[in-house]
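Comments concern the structure below.
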Amino acid sequence: MDIYTIIFLALAVFIFLRLRNVLGQRTGSERPPFDRITRDMARSGNDNNVVKMPGTTIDQTPLAPAADPIPAQDRWKGIAEPDTPLAAGLDEVAAADPSFNAQHFVSGAKSAYEMIVQAFASGDRRMLKDLLSAEVYDGFEAVIKGREQRGEKVETRFASIDKAALVSAGVRDRIAHLTVRFVSQMITVTRDKDGAVIDGNPEKLTDVTDVWTFSRDVSSRDPNWKLVGTESGR
């Protein structure tokens, strides 16, 4: 080995030792380097002065179709027995309107029933127009007008709605029809213009059974159902 080789080797050893002292040795237990991007994002998340980008927020993502379809015998559980005309009618409604939910409909029908009875008693034409078909509204309005001409007042108080059950369903010419039987307890009193009771008993609950039919055009964007027919005592 010549003198120059010895000098270069000595220099290389010197440089290696210097770098080792400065950088240290890796032992496998070192903490990972701090991620600057993560740090900046964390700071931005806590910065109240950050200006959010304009745009809309999706409140709820669309529900994906169920992986396993509901068995036919369970589809209308609690609403209709399998292989009955009612179940077949509900299948028709659901086929025409995939958003149809029988449980939600029955719950809404109960609310509508109470609202309509109360509105009819008080003569609230505006509310009735929103909840009744034109034909049914005309019939209700004629009765209200007759009471007003005679100076009569009707008082109705619900004690309970004991039952609301679907009894028939179907679709004809894109119009869905659902019929519900309501069993309720209420106090209904009619008073003359002097306040004397001419019908009913203000101290006695009456059992009332009504059978009402609601309809909706399933091709319309309007999701509301309207009362199209009434019966009682069935």
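Here, A, B, ... name the chains of the structure tokens in the order displayed, residue numbers run from 1 inside each chain, and ligands are numbered from 1 in the same displayed order.
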With only C-alpha atoms as the counted atoms, please give the residues lying no more than 9 Å from Ser184 in chain A, apart from itself and same-chain residues fewer than 4 positions off, as a ChimeraX atom specification. /A:158-164,206-210
Store the residues picked out above in a file with N, CA, C and O atoms, as an mmCIF file, in the first residue's frame.
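Okay, this is what ended up in out-v8.cif:
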```
data_model
loop_
_atom_site.group_PDB
_atom_site.id
_atom_site.type_symbol
_atom_site.label_atom_id
_atom_site.label_comp_id
_atom_site.auth_asym_id
_atom_site.auth_seq_id
_atom_site.Cartn_x
_atom_site.Cartn_y
_atom_site.Cartn_z
ATOM 1 N N PHE A 158 -110.873 13.646 22.474
ATOM 2 C CA PHE A 158 -110.421 12.258 22.367
ATOM 3 C C PHE A 158 -109.923 11.769 23.717
ATOM 4 O O PHE A 158 -109.149 12.444 24.394
ATOM 5 N N ALA A 159 -110.348 10.567 24.092
ATOM 6 C CA ALA A 159 -109.772 9.902 25.251
ATOM 7 C C ALA A 159 -108.650 8.978 24.804
ATOM 8 O O ALA A 159 -107.597 8.902 25.433
ATOM 9 N N SER A 160 -108.872 8.297 23.678
ATOM 10 C CA SER A 160 -107.855 7.387 23.154
ATOM 11 C C SER A 160 -108.235 6.928 21.750
ATOM 12 O O SER A 160 -109.412 6.957 21.376
ATOM 13 N N ILE A 161 -107.214 6.534 21.001
ATOM 14 C CA ILE A 161 -107.426 5.792 19.760
ATOM 15 C C ILE A 161 -106.904 4.393 20.043
ATOM 16 O O ILE A 161 -105.697 4.152 20.102
ATOM 17 N N ASP A 162 -107.819 3.473 20.272
ATOM 18 C CA ASP A 162 -107.437 2.143 20.734
ATOM 19 C C ASP A 162 -106.881 1.268 19.620
ATOM 20 O O ASP A 162 -106.082 0.356 19.884
ATOM 21 N N LYS A 163 -107.292 1.533 18.400
ATOM 22 C CA LYS A 163 -106.840 0.676 17.312
ATOM 23 C C LYS A 163 -106.895 1.430 15.993
ATOM 24 O O LYS A 163 -107.811 2.207 15.741
ATOM 25 N N ALA A 164 -105.886 1.184 15.167
ATOM 26 C CA ALA A 164 -105.878 1.684 13.795
ATOM 27 C C ALA A 164 -105.285 0.565 12.960
ATOM 28 O O ALA A 164 -104.097 0.262 13.073
ATOM 29 N N THR A 206 -117.762 7.743 24.511
ATOM 30 C CA THR A 206 -118.465 6.971 23.488
ATOM 31 C C THR A 206 -117.458 6.167 22.686
ATOM 32 O O THR A 206 -116.408 6.700 22.287
ATOM 33 N N ASP A 207 -117.760 4.894 22.464
ATOM 34 C CA ASP A 207 -116.928 4.059 21.598
ATOM 35 C C ASP A 207 -117.307 4.350 20.144
ATOM 36 O O ASP A 207 -118.488 4.255 19.767
ATOM 37 N N VAL A 208 -116.322 4.689 19.350
ATOM 38 C CA VAL A 208 -116.576 5.075 17.963
ATOM 39 C C VAL A 208 -115.715 4.214 17.043
ATOM 40 O O VAL A 208 -114.514 4.054 17.273
ATOM 41 N N THR A 209 -116.347 3.677 16.021
ATOM 42 C CA THR A 209 -115.620 2.929 14.989
ATOM 43 C C THR A 209 -115.839 3.626 13.651
ATOM 44 O O THR A 209 -116.984 3.826 13.230
ATOM 45 N N ASP A 210 -114.756 4.007 13.025
ATOM 46 C CA ASP A 210 -114.810 4.647 11.716
ATOM 47 C C ASP A 210 -113.940 3.871 10.748
ATOM 48 O O ASP A 210 -112.853 3.386 11.105
#
```
Write out as number ranges by chain all residues of range 41-221 of chain A that backbone DSSP assigns to strand (DSSP E or B). A: 132, 153-172, 175-191, 197-200, 206-217
Return as a PyMOL selection string the full set of residues in range 134-222 of chain A whose backbone-based DSSP assignment is helix (DSSP H, G or I). chain A and resi 134-150
Dump as a compact mmCIF listing (two decimals), in the first residue's frame, selection limited to N, CA, C and O atoms:
```txt
# COMPACT_ATOMS: atom_id res chain seq x y z
N ALA A 134 -111.50 16.76 -2.66
CA ALA A 134 -112.48 17.81 -2.94
C ALA A 134 -113.90 17.33 -2.64
O ALA A 134 -114.72 18.07 -2.08
N GLU A 135 -114.21 16.08 -3.01
CA GLU A 135 -115.56 15.55 -2.81
C GLU A 135 -115.89 15.43 -1.33
O GLU A 135 -116.98 15.82 -0.89
N VAL A 136 -114.97 14.87 -0.56
CA VAL A 136 -115.22 14.72 0.88
C VAL A 136 -115.28 16.08 1.55
O VAL A 136 -116.13 16.32 2.43
N TYR A 137 -114.43 16.99 1.13
CA TYR A 137 -114.45 18.35 1.71
C TYR A 137 -115.82 19.00 1.49
O TYR A 137 -116.36 19.63 2.41
N ASP A 138 -116.37 18.86 0.30
CA ASP A 138 -117.67 19.47 0.02
C ASP A 138 -118.73 18.94 0.98
O ASP A 138 -119.59 19.70 1.47
N GLY A 139 -118.70 17.64 1.26
CA GLY A 139 -119.67 17.07 2.19
C GLY A 139 -119.47 17.58 3.61
O GLY A 139 -120.45 17.94 4.29
N PHE A 140 -118.23 17.64 4.06
CA PHE A 140 -117.95 18.16 5.40
C PHE A 140 -118.34 19.63 5.50
O PHE A 140 -118.93 20.07 6.50
N GLU A 141 -118.01 20.38 4.47
CA GLU A 141 -118.27 21.83 4.50
C GLU A 141 -119.77 22.13 4.56
O GLU A 141 -120.21 23.07 5.23
N ALA A 142 -120.56 21.28 3.88
CA ALA A 142 -122.01 21.48 3.89
C ALA A 142 -122.56 21.28 5.31
O ALA A 142 -123.44 22.02 5.76
N VAL A 143 -122.04 20.27 6.03
CA VAL A 143 -122.49 20.03 7.39
C VAL A 143 -122.07 21.18 8.31
O VAL A 143 -122.85 21.65 9.14
N ILE A 144 -120.83 21.64 8.15
CA ILE A 144 -120.34 22.76 8.97
C ILE A 144 -121.19 24.01 8.73
O ILE A 144 -121.58 24.72 9.67
N LYS A 145 -121.49 24.27 7.47
CA LYS A 145 -122.29 25.45 7.13
C LYS A 145 -123.68 25.37 7.75
O LYS A 145 -124.22 26.36 8.27
N GLY A 146 -124.28 24.17 7.72
CA GLY A 146 -125.60 24.00 8.32
C GLY A 146 -125.55 24.24 9.82
O GLY A 146 -126.46 24.89 10.37
N ARG A 147 -124.52 23.76 10.50
CA ARG A 147 -124.39 24.01 11.95
C ARG A 147 -124.27 25.50 12.22
O ARG A 147 -124.88 26.02 13.17
N GLU A 148 -123.48 26.17 11.42
CA GLU A 148 -123.28 27.61 11.64
C GLU A 148 -124.58 28.37 11.45
O GLU A 148 -124.88 29.31 12.19
N GLN A 149 -125.35 27.98 10.47
CA GLN A 149 -126.62 28.67 10.22
C GLN A 149 -127.60 28.46 11.38
O GLN A 149 -128.40 29.35 11.69
N ARG A 150 -127.49 27.32 12.03
CA ARG A 150 -128.38 27.04 13.17
C ARG A 150 -127.78 27.53 14.49
O ARG A 150 -128.42 27.45 15.54
```
Give the answer as one residue: which of A:Glu81, A:Asp192, A:Asp217, A:Glu231 has the shortest atom-to-atom distance to Val180 in chain A, using only C-alpha atoms? A:Glu231
Spatial neighbours of Phe214 in chain A, max dist 8 Å, only C-alpha atoms, sep filter under 2 positions, as a PyMOL selection string: chain A and resi 177-179+212+216+225-229
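A straight line drawn from CA of Arg174 in chain A to CA of Ser111 in chain A is 24.9 Å long.
In terms of minimum interatomic distance to Val167 in chain A, A:Val211 ranks closest within A:Ala119, A:Leu132, A:Val211, A:Ala196, counting only C-alpha atoms.
The shortest atom-to-atom distance to Thr190 in chain A, with only C-alpha atoms taken into account, belongs to A:Ser122 out of A:Ser232, A:Ala176, A:Ser219, A:Ser122.
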Please list as an mmCIF file with N, CA, C and O atoms, in the first residue's frame every residue within 9 Å of Val218 in chain A, counting only C-alpha atoms and excluding residues in the same chain fewer than 4 positions away.
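Ended up saving to out_8.cif:
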```
data_model
loop_
_atom_site.group_PDB
_atom_site.id
_atom_site.type_symbol
_atom_site.label_atom_id
_atom_site.label_comp_id
_atom_site.auth_asym_id
_atom_site.auth_seq_id
_atom_site.Cartn_x
_atom_site.Cartn_y
_atom_site.Cartn_z
ATOM 1 N N VAL A 93 -99.142 -1.612 -3.720
ATOM 2 C CA VAL A 93 -98.778 -0.241 -3.345
ATOM 3 C C VAL A 93 -97.267 -0.083 -3.313
ATOM 4 O O VAL A 93 -96.710 0.894 -3.822
ATOM 5 N N ALA A 96 -95.755 0.084 -6.758
ATOM 6 C CA ALA A 96 -95.978 1.369 -7.417
ATOM 7 C C ALA A 96 -95.221 2.498 -6.750
ATOM 8 O O ALA A 96 -94.846 3.477 -7.394
ATOM 9 N N ASP A 97 -94.978 2.367 -5.438
ATOM 10 C CA ASP A 97 -94.280 3.400 -4.672
ATOM 11 C C ASP A 97 -93.264 2.723 -3.753
ATOM 12 O O ASP A 97 -93.601 2.348 -2.627
ATOM 13 N N VAL A 171 -104.004 -0.586 -5.828
ATOM 14 C CA VAL A 171 -103.654 0.492 -6.748
ATOM 15 C C VAL A 171 -104.488 0.323 -8.012
ATOM 16 O O VAL A 171 -104.594 -0.792 -8.560
ATOM 17 N N ARG A 174 -102.763 4.153 -11.193
ATOM 18 C CA ARG A 174 -101.728 4.923 -10.486
ATOM 19 C C ARG A 174 -102.230 5.602 -9.217
ATOM 20 O O ARG A 174 -101.515 6.399 -8.606
ATOM 21 N N ILE A 175 -103.441 5.296 -8.796
ATOM 22 C CA ILE A 175 -103.975 5.845 -7.546
ATOM 23 C C ILE A 175 -103.993 4.731 -6.506
ATOM 24 O O ILE A 175 -104.675 3.717 -6.682
ATOM 25 N N ALA A 176 -103.226 4.929 -5.433
ATOM 26 C CA ALA A 176 -103.203 3.953 -4.339
ATOM 27 C C ALA A 176 -104.320 4.266 -3.355
ATOM 28 O O ALA A 176 -104.577 5.432 -3.043
ATOM 29 N N ASP A 222 -96.120 14.787 -4.758
ATOM 30 C CA ASP A 222 -96.773 15.088 -3.485
ATOM 31 C C ASP A 222 -96.872 13.805 -2.664
ATOM 32 O O ASP A 222 -97.541 12.848 -3.079
ATOM 33 N N PRO A 223 -96.203 13.748 -1.503
ATOM 34 C CA PRO A 223 -96.202 12.503 -0.713
ATOM 35 C C PRO A 223 -97.430 12.344 0.170
ATOM 36 O O PRO A 223 -97.577 11.316 0.838
#
```
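Relative to CA of Glu152 in chain A, CA of Phe182 in chain A is found at 26.4 Å.
If you look at CA of Leu131 in chain A and CA of Glu155 in chain A, they are 20.2 Å away from each other.
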Let me make sure I understand: among A:Asp83, A:Thr230, A:Lys193, A:Ala88, which one has the smallest atom-to-atom distance to Ile116 in chain A if we use only C-alpha atoms? A:Thr230
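The residue that comes closest to Val183 in chain A, out of A:Asp91, A:Glu114, A:Asp130, A:Asp199 and on the basis of only C-alpha atoms, is A:Glu114.
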Give me the residues within 8 Å of Gly200 in chain A as a ChimeraX atom specification, counting only C-alpha atoms and dropping any in the same chain fewer than 5 places off. /A:187-190
